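final-v8.pdb follows (PDB, C-alpha atoms and all ligand atoms):
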```pdb
ATOM      1  CA  MET F  10     109.113 110.978 115.726
ATOM      2  CA  ILE F  11     111.534 108.334 114.526
ATOM      3  CA  LEU F  12     112.033 104.706 115.506
ATOM      4  CA  VAL F  13     115.328 103.849 117.203
ATOM      5  CA  GLN F  14     115.689 100.182 118.096
ATOM      6  CA  ASP F  15     112.180  99.515 119.480
ATOM      7  CA  GLN F  16     111.432 103.011 120.803
ATOM      8  CA  LEU F  17     109.788 106.013 119.180
ATOM      9  CA  LYS F  18     111.893 109.094 119.884
ATOM     10  CA  ASP F  19     112.130 112.695 118.919
ATOM     11  CA  GLN F  20     114.763 112.997 116.197
ATOM     12  CA  SER F  21     116.630 115.718 118.122
ATOM     13  CA  GLU F  22     117.304 113.233 120.961
ATOM     14  CA  VAL F  23     119.071 110.762 118.683
ATOM     15  CA  ARG F  24     122.820 110.647 118.077
ATOM     16  CA  ILE F  25     124.567 108.305 115.657
ATOM     17  CA  ASP F  26     127.950 107.029 116.794
ATOM     18  CA  ILE F  27     130.837 107.710 114.388
ATOM     19  CA  GLU F  28     131.890 104.083 114.864
ATOM     20  CA  ASP F  29     128.582 102.681 113.680
ATOM     21  CA  ARG F  30     129.499 100.086 111.044
ATOM     22  CA  GLY F  31     126.758 101.371 108.765
ATOM     23  CA  TYR F  32     128.445 104.747 108.736
ATOM     24  CA  GLN F  33     131.961 103.367 108.287
ATOM     25  CA  PHE F  34     131.473 100.294 106.065
ATOM     26  CA  GLY F  35     127.911 100.469 104.786
ATOM     27  CA  ASP F  36     127.631  97.266 106.833
ATOM     28  CA  GLY F  37     123.884  96.854 107.037
ATOM     29  CA  VAL F  38     120.624  96.371 105.192
ATOM     30  CA  TYR F  39     117.574  98.520 104.497
ATOM     31  CA  GLU F  40     114.019  98.660 103.167
ATOM     32  CA  VAL F  41     111.718 101.329 101.772
ATOM     33  CA  VAL F  42     107.997 100.656 102.239
ATOM     34  CA  ARG F  43     105.213 102.707 100.659
ATOM     35  CA  ILE F  44     102.227 104.003 102.603
ATOM     36  CA  TYR F  45      98.988 104.596 100.703
ATOM     37  CA  ASN F  46      95.972 106.064 102.460
ATOM     38  CA  GLY F  47      97.668 105.494 105.796
ATOM     39  CA  GLN F  48      98.219 101.777 105.066
ATOM     40  CA  TYR F  49     101.507 100.004 104.387
ATOM     41  CA  PHE F  50     101.760  98.343 100.968
ATOM     42  CA  GLY F  51     103.404  94.907 100.944
ATOM     43  CA  MET F  52     104.751  95.226 104.482
ATOM     44  CA  ASP F  53     105.006  91.458 105.079
ATOM     45  CA  GLU F  54     106.986  90.980 101.855
ATOM     46  CA  HIS F  55     109.330  93.871 102.717
ATOM     47  CA  LEU F  56     109.947  92.475 106.199
ATOM     48  CA  GLU F  57     110.573  89.005 104.798
ATOM     49  CA  ARG F  58     113.118  90.448 102.378
ATOM     50  CA  LEU F  59     114.715  92.403 105.241
ATOM     51  CA  GLU F  60     115.126  89.186 107.230
ATOM     52  CA  ARG F  61     116.620  87.488 104.197
ATOM     53  CA  SER F  62     119.052  90.343 103.491
ATOM     54  CA  ALA F  63     120.171  90.305 107.137
ATOM     55  CA  LYS F  64     120.648  86.543 107.063
ATOM     56  CA  GLU F  65     122.710  86.740 103.876
ATOM     57  CA  ILE F  66     125.180  89.113 105.568
ATOM     58  CA  HIS F  67     125.172  86.992 108.771
ATOM     59  CA  MET F  68     123.469  89.648 110.821
ATOM     60  CA  THR F  69     120.727  89.013 113.371
ATOM     61  CA  LEU F  70     117.878  91.482 113.709
ATOM     62  CA  PRO F  71     117.833  93.355 117.037
ATOM     63  CA  TYR F  72     114.338  92.021 117.872
ATOM     64  CA  PRO F  73     111.564  89.891 116.344
ATOM     65  CA  ILE F  74     109.977  90.918 113.071
ATOM     66  CA  GLU F  75     106.440  90.829 114.544
ATOM     67  CA  LEU F  76     107.421  93.465 117.088
ATOM     68  CA  LEU F  77     109.072  95.516 114.344
ATOM     69  CA  LYS F  78     105.817  95.412 112.390
ATOM     70  CA  THR F  79     103.833  96.880 115.301
ATOM     71  CA  ARG F  80     106.493  99.543 115.876
ATOM     72  CA  LEU F  81     106.372 100.555 112.213
ATOM     73  CA  GLU F  82     102.583 100.886 112.428
ATOM     74  CA  LYS F  83     103.053 103.225 115.383
ATOM     75  CA  LEU F  84     105.698 105.174 113.486
ATOM     76  CA  ALA F  85     103.371 105.870 110.544
ATOM     77  CA  GLU F  86     100.575 106.819 112.946
ATOM     78  CA  ALA F  87     102.746 109.103 115.075
ATOM     79  CA  ASN F  88     103.801 111.006 111.959
ATOM     80  CA  ASP F  89     100.285 111.150 110.581
ATOM     81  CA  ILE F  90     101.332 109.751 107.199
ATOM     82  CA  ASN F  91      98.584 109.385 104.645
ATOM     83  CA  ASP F  92     100.662 109.084 101.449
ATOM     84  CA  GLY F  93     104.335 108.523 102.066
ATOM     85  CA  HIS F  94     106.989 105.970 102.831
ATOM     86  CA  VAL F  95     109.069 104.594 105.616
ATOM     87  CA  TYR F  96     112.837 104.143 105.379
ATOM     88  CA  LEU F  97     114.286 101.485 107.666
ATOM     89  CA  GLN F  98     117.900 100.442 108.123
ATOM     90  CA  ILE F  99     119.725  98.035 110.393
ATOM     91  CA  THR F 100     123.490  98.176 110.742
ATOM     92  CA  ARG F 101     125.856  95.773 112.453
ATOM     93  CA  GLY F 102     126.110  98.405 115.194
ATOM     94  CA  VAL F 103     128.898 100.233 116.949
ATOM     95  CA  ALA F 104     132.353  98.686 117.276
ATOM     96  CA  GLU F 105     135.988  99.639 116.958
ATOM     97  CA  ARG F 106     136.793  99.901 113.252
ATOM     98  CA  THR F 107     138.066  96.536 112.066
ATOM     99  CA  HIS F 108     136.814  94.935 108.866
ATOM    100  CA  GLN F 109     135.844  91.633 110.448
ATOM    101  CA  PHE F 110     132.599  91.381 112.438
ATOM    102  CA  PRO F 111     132.790  92.464 116.087
ATOM    103  CA  ALA F 112     132.811  89.534 118.549
ATOM    104  CA  GLU F 113     129.454  90.576 119.973
ATOM    105  CA  PRO F 114     127.605  92.725 117.454
ATOM    106  CA  THR F 115     124.767  94.976 118.637
ATOM    107  CA  PRO F 116     122.614  95.567 115.557
ATOM    108  CA  PHE F 117     121.245  99.093 115.384
ATOM    109  CA  LEU F 118     117.866  99.900 113.826
ATOM    110  CA  VAL F 119     116.598 103.282 112.727
ATOM    111  CA  ALA F 120     113.412 104.035 110.795
ATOM    112  CA  TYR F 121     111.688 107.229 109.791
ATOM    113  CA  ALA F 122     108.466 108.000 107.945
ATOM    114  CA  ARG F 123     108.020 110.784 105.414
ATOM    115  CA  LYS F 124     105.103 112.195 103.528
ATOM    116  CA  SER F 125     105.676 111.792  99.778
ATOM    117  CA  PRO F 126     103.295 112.144  96.868
ATOM    118  CA  ARG F 127     102.894 109.463  94.226
ATOM    119  CA  PRO F 128     104.956 110.221  91.066
ATOM    120  CA  GLU F 129     101.802 111.071  89.082
ATOM    121  CA  ASN F 130     103.474 113.098  86.323
ATOM    122  CA  LYS F 131     106.210 110.578  85.620
ATOM    123  CA  MET F 132     103.747 107.702  85.642
ATOM    124  CA  ARG F 133     101.527 109.545  83.168
ATOM    125  CA  GLU F 134     104.177 110.984  80.860
ATOM    126  CA  GLY F 135     106.917 108.390  81.193
ATOM    127  CA  ILE F 136     110.579 108.844  82.017
ATOM    128  CA  THR F 137     113.842 109.029  80.089
ATOM    129  CA  ALA F 138     116.792 106.718  80.710
ATOM    130  CA  ILE F 139     120.376 106.086  79.721
ATOM    131  CA  THR F 140     122.227 102.788  79.659
ATOM    132  CA  THR F 141     125.383 102.373  81.667
ATOM    133  CA  GLU F 142     127.696  99.566  82.690
ATOM    134  CA  ASP F 143     126.603  97.593  85.752
ATOM    135  CA  ILE F 144     129.732  97.924  87.910
ATOM    136  CA  ARG F 145     128.095  96.617  91.099
ATOM    137  CA  TRP F 146     129.078  93.575  93.128
ATOM    138  CA  LEU F 147     127.642  90.107  92.561
ATOM    139  CA  ARG F 148     125.092  90.105  95.403
ATOM    140  CA  CYS F 149     122.608  92.676  94.133
ATOM    141  CA  ASP F 150     119.861  90.458  95.612
ATOM    142  CA  ILE F 151     120.823  91.735  99.078
ATOM    143  CA  LYS F 152     119.275  95.113  99.899
ATOM    144  CA  SER F 153     122.548  96.346 101.340
ATOM    145  CA  LEU F 154     123.413  99.863 102.463
ATOM    146  CA  ASN F 155     126.354  99.760 100.031
ATOM    147  CA  LEU F 156     124.834 101.670  97.149
ATOM    148  CA  LEU F 157     127.816 103.371  95.504
ATOM    149  CA  GLY F 158     127.347 101.643  92.159
ATOM    150  CA  ASN F 159     123.672 102.640  92.229
ATOM    151  CA  VAL F 160     124.456 106.193  93.342
ATOM    152  CA  LEU F 161     127.010 106.691  90.545
ATOM    153  CA  GLY F 162     124.562 105.244  88.030
ATOM    154  CA  LYS F 163     121.729 107.548  89.108
ATOM    155  CA  GLN F 164     124.021 110.589  89.039
ATOM    156  CA  LYS F 165     125.131 109.715  85.521
ATOM    157  CA  ALA F 166     121.461 109.754  84.490
ATOM    158  CA  MET F 167     120.933 113.127  86.208
ATOM    159  CA  ASP F 168     124.022 114.557  84.474
ATOM    160  CA  ALA F 169     122.517 113.430  81.157
ATOM    161  CA  LYS F 170     119.233 115.151  82.165
ATOM    162  CA  CYS F 171     117.517 111.767  82.362
ATOM    163  CA  ASP F 172     115.599 110.044  85.145
ATOM    164  CA  GLU F 173     117.172 106.609  85.410
ATOM    165  CA  SER F 174     120.209 104.527  84.458
ATOM    166  CA  ILE F 175     119.556 101.060  83.092
ATOM    167  CA  PHE F 176     122.446  98.780  84.016
ATOM    168  CA  ILE F 177     124.115  96.440  81.538
ATOM    169  CA  ARG F 178     126.615  93.816  82.684
ATOM    170  CA  SER F 179     129.840  93.309  80.742
ATOM    171  CA  ASN F 180     128.224  90.268  79.041
ATOM    172  CA  ASP F 181     125.684  92.666  77.416
ATOM    173  CA  ILE F 182     122.816  91.526  79.679
ATOM    174  CA  VAL F 183     120.400  94.168  80.965
ATOM    175  CA  THR F 184     119.987  93.688  84.719
ATOM    176  CA  GLU F 185     117.919  96.467  86.331
ATOM    177  CA  GLY F 186     117.785 100.210  86.926
ATOM    178  CA  SER F 187     119.869 102.078  89.505
ATOM    179  CA  SER F 188     116.868 101.934  91.876
ATOM    180  CA  THR F 189     114.239 100.082  89.839
ATOM    181  CA  ASN F 190     113.491  96.789  88.091
ATOM    182  CA  VAL F 191     113.252  96.832  84.293
ATOM    183  CA  TYR F 192     110.846  95.084  81.900
ATOM    184  CA  ILE F 193     110.588  95.052  78.133
ATOM    185  CA  LEU F 194     107.572  94.223  76.025
ATOM    186  CA  LYS F 195     108.144  92.446  72.717
ATOM    187  CA  ASP F 196     105.341  91.179  70.512
ATOM    188  CA  GLY F 197     102.897  91.311  73.416
ATOM    189  CA  GLU F 198     105.096  89.440  75.911
ATOM    190  CA  ILE F 199     107.011  90.765  78.885
ATOM    191  CA  PHE F 200     110.647  89.918  79.606
ATOM    192  CA  THR F 201     112.441  90.742  82.854
ATOM    193  CA  HIS F 202     115.730  89.595  84.361
ATOM    194  CA  PRO F 203     115.307  86.484  86.545
ATOM    195  CA  ALA F 204     115.397  87.069  90.302
ATOM    196  CA  ASN F 205     118.945  85.901  90.969
ATOM    197  CA  ASN F 206     122.082  87.505  92.437
ATOM    198  CA  PHE F 207     122.317  90.120  89.661
ATOM    199  CA  ILE F 208     119.170  92.037  90.638
ATOM    200  CA  LEU F 209     117.108  93.015  93.639
ATOM    201  CA  ASN F 210     113.913  90.988  93.633
ATOM    202  CA  GLY F 211     111.644  94.018  93.927
ATOM    203  CA  ILE F 212     108.449  93.806  95.919
ATOM    204  CA  THR F 213     106.816  95.898  93.193
ATOM    205  CA  ARG F 214     108.312  93.496  90.617
ATOM    206  CA  ARG F 215     106.476  90.607  92.279
ATOM    207  CA  VAL F 216     103.218  92.589  92.134
ATOM    208  CA  VAL F 217     103.828  93.543  88.479
ATOM    209  CA  LEU F 218     104.316  89.877  87.549
ATOM    210  CA  GLU F 219     101.046  88.976  89.279
ATOM    211  CA  LEU F 220      99.210  91.833  87.560
ATOM    212  CA  ALA F 221     100.557  90.811  84.162
ATOM    213  CA  GLU F 222      99.347  87.286  84.741
ATOM    214  CA  GLU F 223      95.914  88.588  85.787
ATOM    215  CA  ALA F 224      95.812  90.597  82.559
ATOM    216  CA  GLY F 225      96.659  87.473  80.559
ATOM    217  CA  ILE F 226     100.064  88.795  79.469
ATOM    218  CA  THR F 227     102.825  86.194  79.182
ATOM    219  CA  VAL F 228     105.858  86.980  81.310
ATOM    220  CA  HIS F 229     109.310  85.485  80.798
ATOM    221  CA  GLU F 230     111.764  85.812  83.669
ATOM    222  CA  LYS F 231     114.571  85.628  81.144
ATOM    223  CA  THR F 232     117.569  87.801  80.388
ATOM    224  CA  PHE F 233     117.671  90.142  77.390
ATOM    225  CA  ASN F 234     120.500  92.195  75.915
ATOM    226  CA  LYS F 235     121.001  95.858  75.082
ATOM    227  CA  GLN F 236     119.839  95.499  71.472
ATOM    228  CA  GLU F 237     116.627  93.828  72.637
ATOM    229  CA  LEU F 238     116.113  96.668  75.106
ATOM    230  CA  MET F 239     116.556  99.253  72.362
ATOM    231  CA  ASP F 240     114.228  97.341  69.988
ATOM    232  CA  ALA F 241     111.468  96.788  72.573
ATOM    233  CA  ASP F 242     107.887  97.861  71.891
ATOM    234  CA  GLU F 243     107.641  99.147  75.476
ATOM    235  CA  VAL F 244     110.045  99.516  78.375
ATOM    236  CA  ILE F 245     108.740  99.782  81.933
ATOM    237  CA  ILE F 246     110.411 100.266  85.299
ATOM    238  CA  SER F 247     109.027  99.534  88.750
ATOM    239  CA  SER F 248     109.865 100.270  92.370
ATOM    240  CA  THR F 249     108.267 101.159  95.660
ATOM    241  CA  THR F 250     108.657 104.860  94.941
ATOM    242  CA  MET F 251     108.284 104.873  91.116
ATOM    243  CA  GLU F 252     105.467 102.268  91.097
ATOM    244  CA  VAL F 253     104.920 101.246  87.455
ATOM    245  CA  THR F 254     106.392 103.838  85.117
ATOM    246  CA  PRO F 255     106.899 103.713  81.344
ATOM    247  CA  VAL F 256     110.279 104.606  79.821
ATOM    248  CA  ILE F 257     109.821 106.681  76.669
ATOM    249  CA  SER F 258     113.416 107.176  75.586
ATOM    250  CA  ILE F 259     116.763 105.452  76.144
ATOM    251  CA  ASP F 260     120.113 107.004  75.211
ATOM    252  CA  GLY F 261     118.208 109.701  73.340
ATOM    253  CA  LYS F 262     116.300 107.201  71.132
ATOM    254  CA  GLN F 263     112.577 106.846  71.503
ATOM    255  CA  VAL F 264     111.141 103.608  72.863
ATOM    256  CA  GLY F 265     108.399 102.236  70.564
ATOM    257  CA  THR F 266     106.360 105.199  69.440
ATOM    258  CA  GLY F 267     107.878 107.479  72.086
ATOM    259  CA  VAL F 268     104.786 107.617  74.297
ATOM    260  CA  PRO F 269     103.671 105.374  77.182
ATOM    261  CA  GLY F 270     102.417 102.058  75.817
ATOM    262  CA  LYS F 271      99.239 100.082  76.320
ATOM    263  CA  VAL F 272     100.736  97.425  78.561
ATOM    264  CA  ALA F 273     102.215 100.062  80.880
ATOM    265  CA  ARG F 274      98.755 101.611  81.134
ATOM    266  CA  THR F 275      97.098  98.254  81.842
ATOM    267  CA  LEU F 276      99.594  97.476  84.606
ATOM    268  CA  GLN F 277      99.172 100.954  86.092
ATOM    269  CA  GLU F 278      95.390 100.557  86.183
ATOM    270  CA  LYS F 279      95.687  97.192  87.862
ATOM    271  CA  PHE F 280      98.235  98.564  90.323
ATOM    272  CA  ASN F 281      95.775 101.324  91.244
ATOM    273  CA  GLU F 282      93.108  98.695  91.854
ATOM    274  CA  ARG F 283      95.460  97.010  94.353
ATOM    275  CA  ILE F 284      95.919 100.310  96.163
ATOM    276  CA  ASP F 285      92.157 100.921  96.208
ATOM    277  CA  LYS F 286      91.675  97.441  97.659
ATOM    278  CA  LEU F 287      94.007  98.388 100.493
ATOM    279  CA  GLN F 288      91.776 101.366 101.201
ATOM    280  CA  SER F 289      88.622  99.252 101.291
ATOM    281  CA  VAL F 290      90.269  96.846 103.775
ATOM    282  CA  LYS F 291      90.880  99.830 106.045
ATOM    283  CA  ASN F 292      87.292 101.140 105.884
TER     284      ASN F 292
HETATM  285  N1  LIG J 301     114.860 100.926  95.543
HETATM  286  N2  LIG J 301     116.345  97.428  92.176
HETATM  287  C1  LIG J 301     117.072  98.264  92.927
HETATM  288  C2  LIG J 301     118.537  98.346  92.707
HETATM  289  C3  LIG J 301     116.448  99.051  93.907
HETATM  290  O1  LIG J 301     117.169  99.879  94.679
HETATM  291  C4  LIG J 301     115.033  98.970  94.072
HETATM  292  C5  LIG J 301     114.295  99.753  95.123
HETATM  293  C6  LIG J 301     114.321  98.084  93.242
HETATM  294  C7  LIG J 301     112.832  97.909  93.363
HETATM  295  O2  LIG J 301     112.481  97.220  94.542
HETATM  296  P1  LIG J 301     111.088  97.460  95.263
HETATM  297  O3  LIG J 301     110.037  97.236  94.266
HETATM  298  O4  LIG J 301     111.075  96.460  96.349
HETATM  299  O5  LIG J 301     111.096  98.890  95.771
HETATM  300  C8  LIG J 301     115.014  97.329  92.313
HETATM  301  C9  LIG J 301     114.321 101.610  96.697
HETATM  302  C10 LIG J 301     112.946 102.124  96.496
HETATM  303  C11 LIG J 301     115.296 102.680  97.145
HETATM  304  O6  LIG J 301     116.469 102.344  97.313
HETATM  305  O7  LIG J 301     114.897 103.838  97.354
END
```

Output the file's structure as structure tokens, nothing else.
Ligand code: PDD
Amino acid sequence: MILVQDQLKDQSEVRIDIEDRGYQFGDGVYEVVRIYNGQYFGMDEHLERLERSAKEIHMTLPYPIELLKTRLEKLAEANDINDGHVYLQITRGVAERTHQFPAEPTPFLVAYARKSPRPENKMREGITAITTEDIRWLRCDIKSLNLLGNVLGKQKAMDAKCDESIFIRSNDIVTEGSSTNVYILKDGEIFTHPANNFILNGITRRVVLELAEEAGITVHEKTFNKQELMDADEVIISSTTMEVTPVISIDGKQVGTGVPGKVARTLQEKFNERIDKLQSVKN
């Protein structure tokens, strides 16, 4: 079953109009929310960000967020998801193809839930990355359906037999990964790009910053450059799907000692505790 507007439907009943503005312009916003043990992780934060993204592109949601929350609960239940995620997108709806907004937009919401395992191996062993120029627009804070810059970045990593691209703006500043936030550890302190228009303020990023604080690790929301990335003691990425994952090599050079570092492990342990807490709330 999938969610279409506010109704659960069988996927085979659903047709997408070729004049949907999401399809033609990427004119819409989205979210990916993780489900652990049948419970959504950070749902309120994801929905808040969804509302913000919509507002930033002058789009109104088709119905209130509280109702959306109950529908998403039903969606996870109907699909019997224990470990998985939900993908949700809202477009500016169907209209004759003109660049400007339609006079009376009818926002169109679709969400589906999928079973997906946690990335255990990558979290344990770490991932490899390349650096590449950040060619994206200047509103990366909006979780927009327009992901071409991200898609090209990820493909470049795949072509290099790596897992992720780390983006660097033309001013030499490291921003984020193609679908992840990036952190470096230097002399026991964490640095990550400030949450401004150059990055997506990840929900996992917010959790990571809290966990670091809990662990007594100083965090600087401050920019760093490519050399600082390459010289870091540890490099870590985070996202809803990748959780907290160490990066063990960048552009073919090993990060630190070339194995997942201590701080990555500490954050992973603390992240697991958060997930376990979710489970105990349920029981
Ligand atoms: N990606 N930065 C970018 C560019 C992203 O696409 C994502 C998430 C993140 C991390 O955000 P969060 O912690 O809220 O997942 C950072 C999602 C998972 C995706 O597009 O599949």

What's around F:Met52 at 9 Å? Count only C-alpha atoms, leave out sequence neighbours fewer than 2 positions away in its own chain, and write the answer as an mmCIF file with C-alpha atoms, in the frame of the given file.
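Result file follows (part.cif):
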```cif
data_model
loop_
_atom_site.group_PDB
_atom_site.id
_atom_site.type_symbol
_atom_site.label_atom_id
_atom_site.label_comp_id
_atom_site.auth_asym_id
_atom_site.auth_seq_id
_atom_site.Cartn_x
_atom_site.Cartn_y
_atom_site.Cartn_z
ATOM 1 C CA VAL F 42 107.997 100.656 102.239
ATOM 2 C CA ARG F 43 105.213 102.707 100.659
ATOM 3 C CA TYR F 49 101.507 100.004 104.387
ATOM 4 C CA PHE F 50 101.760 98.343 100.968
ATOM 5 C CA GLU F 54 106.986 90.980 101.855
ATOM 6 C CA HIS F 55 109.330 93.871 102.717
ATOM 7 C CA LEU F 56 109.947 92.475 106.199
ATOM 8 C CA GLU F 57 110.573 89.005 104.798
ATOM 9 C CA LYS F 78 105.817 95.412 112.390
#
```

List as an mmCIF file with C-alpha atoms, keeping the file's coordinate frame the protein and nucleic acid residues lying within 6 Å of ligand LIG 301 (chain J), with all atoms listed in the file counted.
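File produced: out_13.cif:
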```
data_model
loop_
_atom_site.group_PDB
_atom_site.id
_atom_site.type_symbol
_atom_site.label_atom_id
_atom_site.label_comp_id
_atom_site.auth_asym_id
_atom_site.auth_seq_id
_atom_site.Cartn_x
_atom_site.Cartn_y
_atom_site.Cartn_z
ATOM 1 C CA VAL F 41 111.718 101.329 101.772
ATOM 2 C CA SER F 187 119.869 102.078 89.505
ATOM 3 C CA SER F 188 116.868 101.934 91.876
ATOM 4 C CA THR F 189 114.239 100.082 89.839
ATOM 5 C CA ASN F 190 113.491 96.789 88.091
ATOM 6 C CA LEU F 209 117.108 93.015 93.639
ATOM 7 C CA GLY F 211 111.644 94.018 93.927
ATOM 8 C CA ILE F 212 108.449 93.806 95.919
ATOM 9 C CA THR F 213 106.816 95.898 93.193
ATOM 10 C CA ARG F 214 108.312 93.496 90.617
ATOM 11 C CA SER F 248 109.865 100.270 92.370
ATOM 12 C CA THR F 249 108.267 101.159 95.660
ATOM 13 C CA THR F 250 108.657 104.860 94.941
#
```

Kindly list the centre and edge lengths in Å, rounded to one decimal, for the axis-aligned box that covers all listed atoms of stretch 44-60 of chain F plus 6 Å on each of its six sides, as AutoDock Vina command-line options.
```
--center_x 105.5 --center_y 97.5 --center_z 104.0 --size_x 31.2 --size_y 29.1 --size_z 18.5
```

| query | Between F:Phe176, F:Tyr72, F:Tyr96, F:Phe280, which is the closest to F:Cys149 once you count only C-alpha atoms? | reply | F:Phe176

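Here the question is which of F:Met68, F:Leu147, F:Leu157, F:Met10 gets nearest to F:Glu86 using all atoms listed in the file, and that residue is F:Met10.
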
| In Å, how far is it from atom CA of F:Gln33 to atom CA of F:Pro111? | 13.4 Å

Using all atoms listed in the file, find each residue of stretch 144-236 of chain F with at least one atom at most 9 Å away from an atom of stretch 60-66 of chain F; report its shortest atom-to-atom pair and that distance in Å (one decimal), sort the rows by chain and rising residue number, and return the result as CSV.
```
residue,atom,partner,partner_atom,distance
F:Asp150,CA,F:Ser62,CA,7.9
F:Ile151,CA,F:Ser62,CA,5.0
F:Lys152,CA,F:Ser62,CA,6.0
F:Ser153,CA,F:Ser62,CA,7.3
```
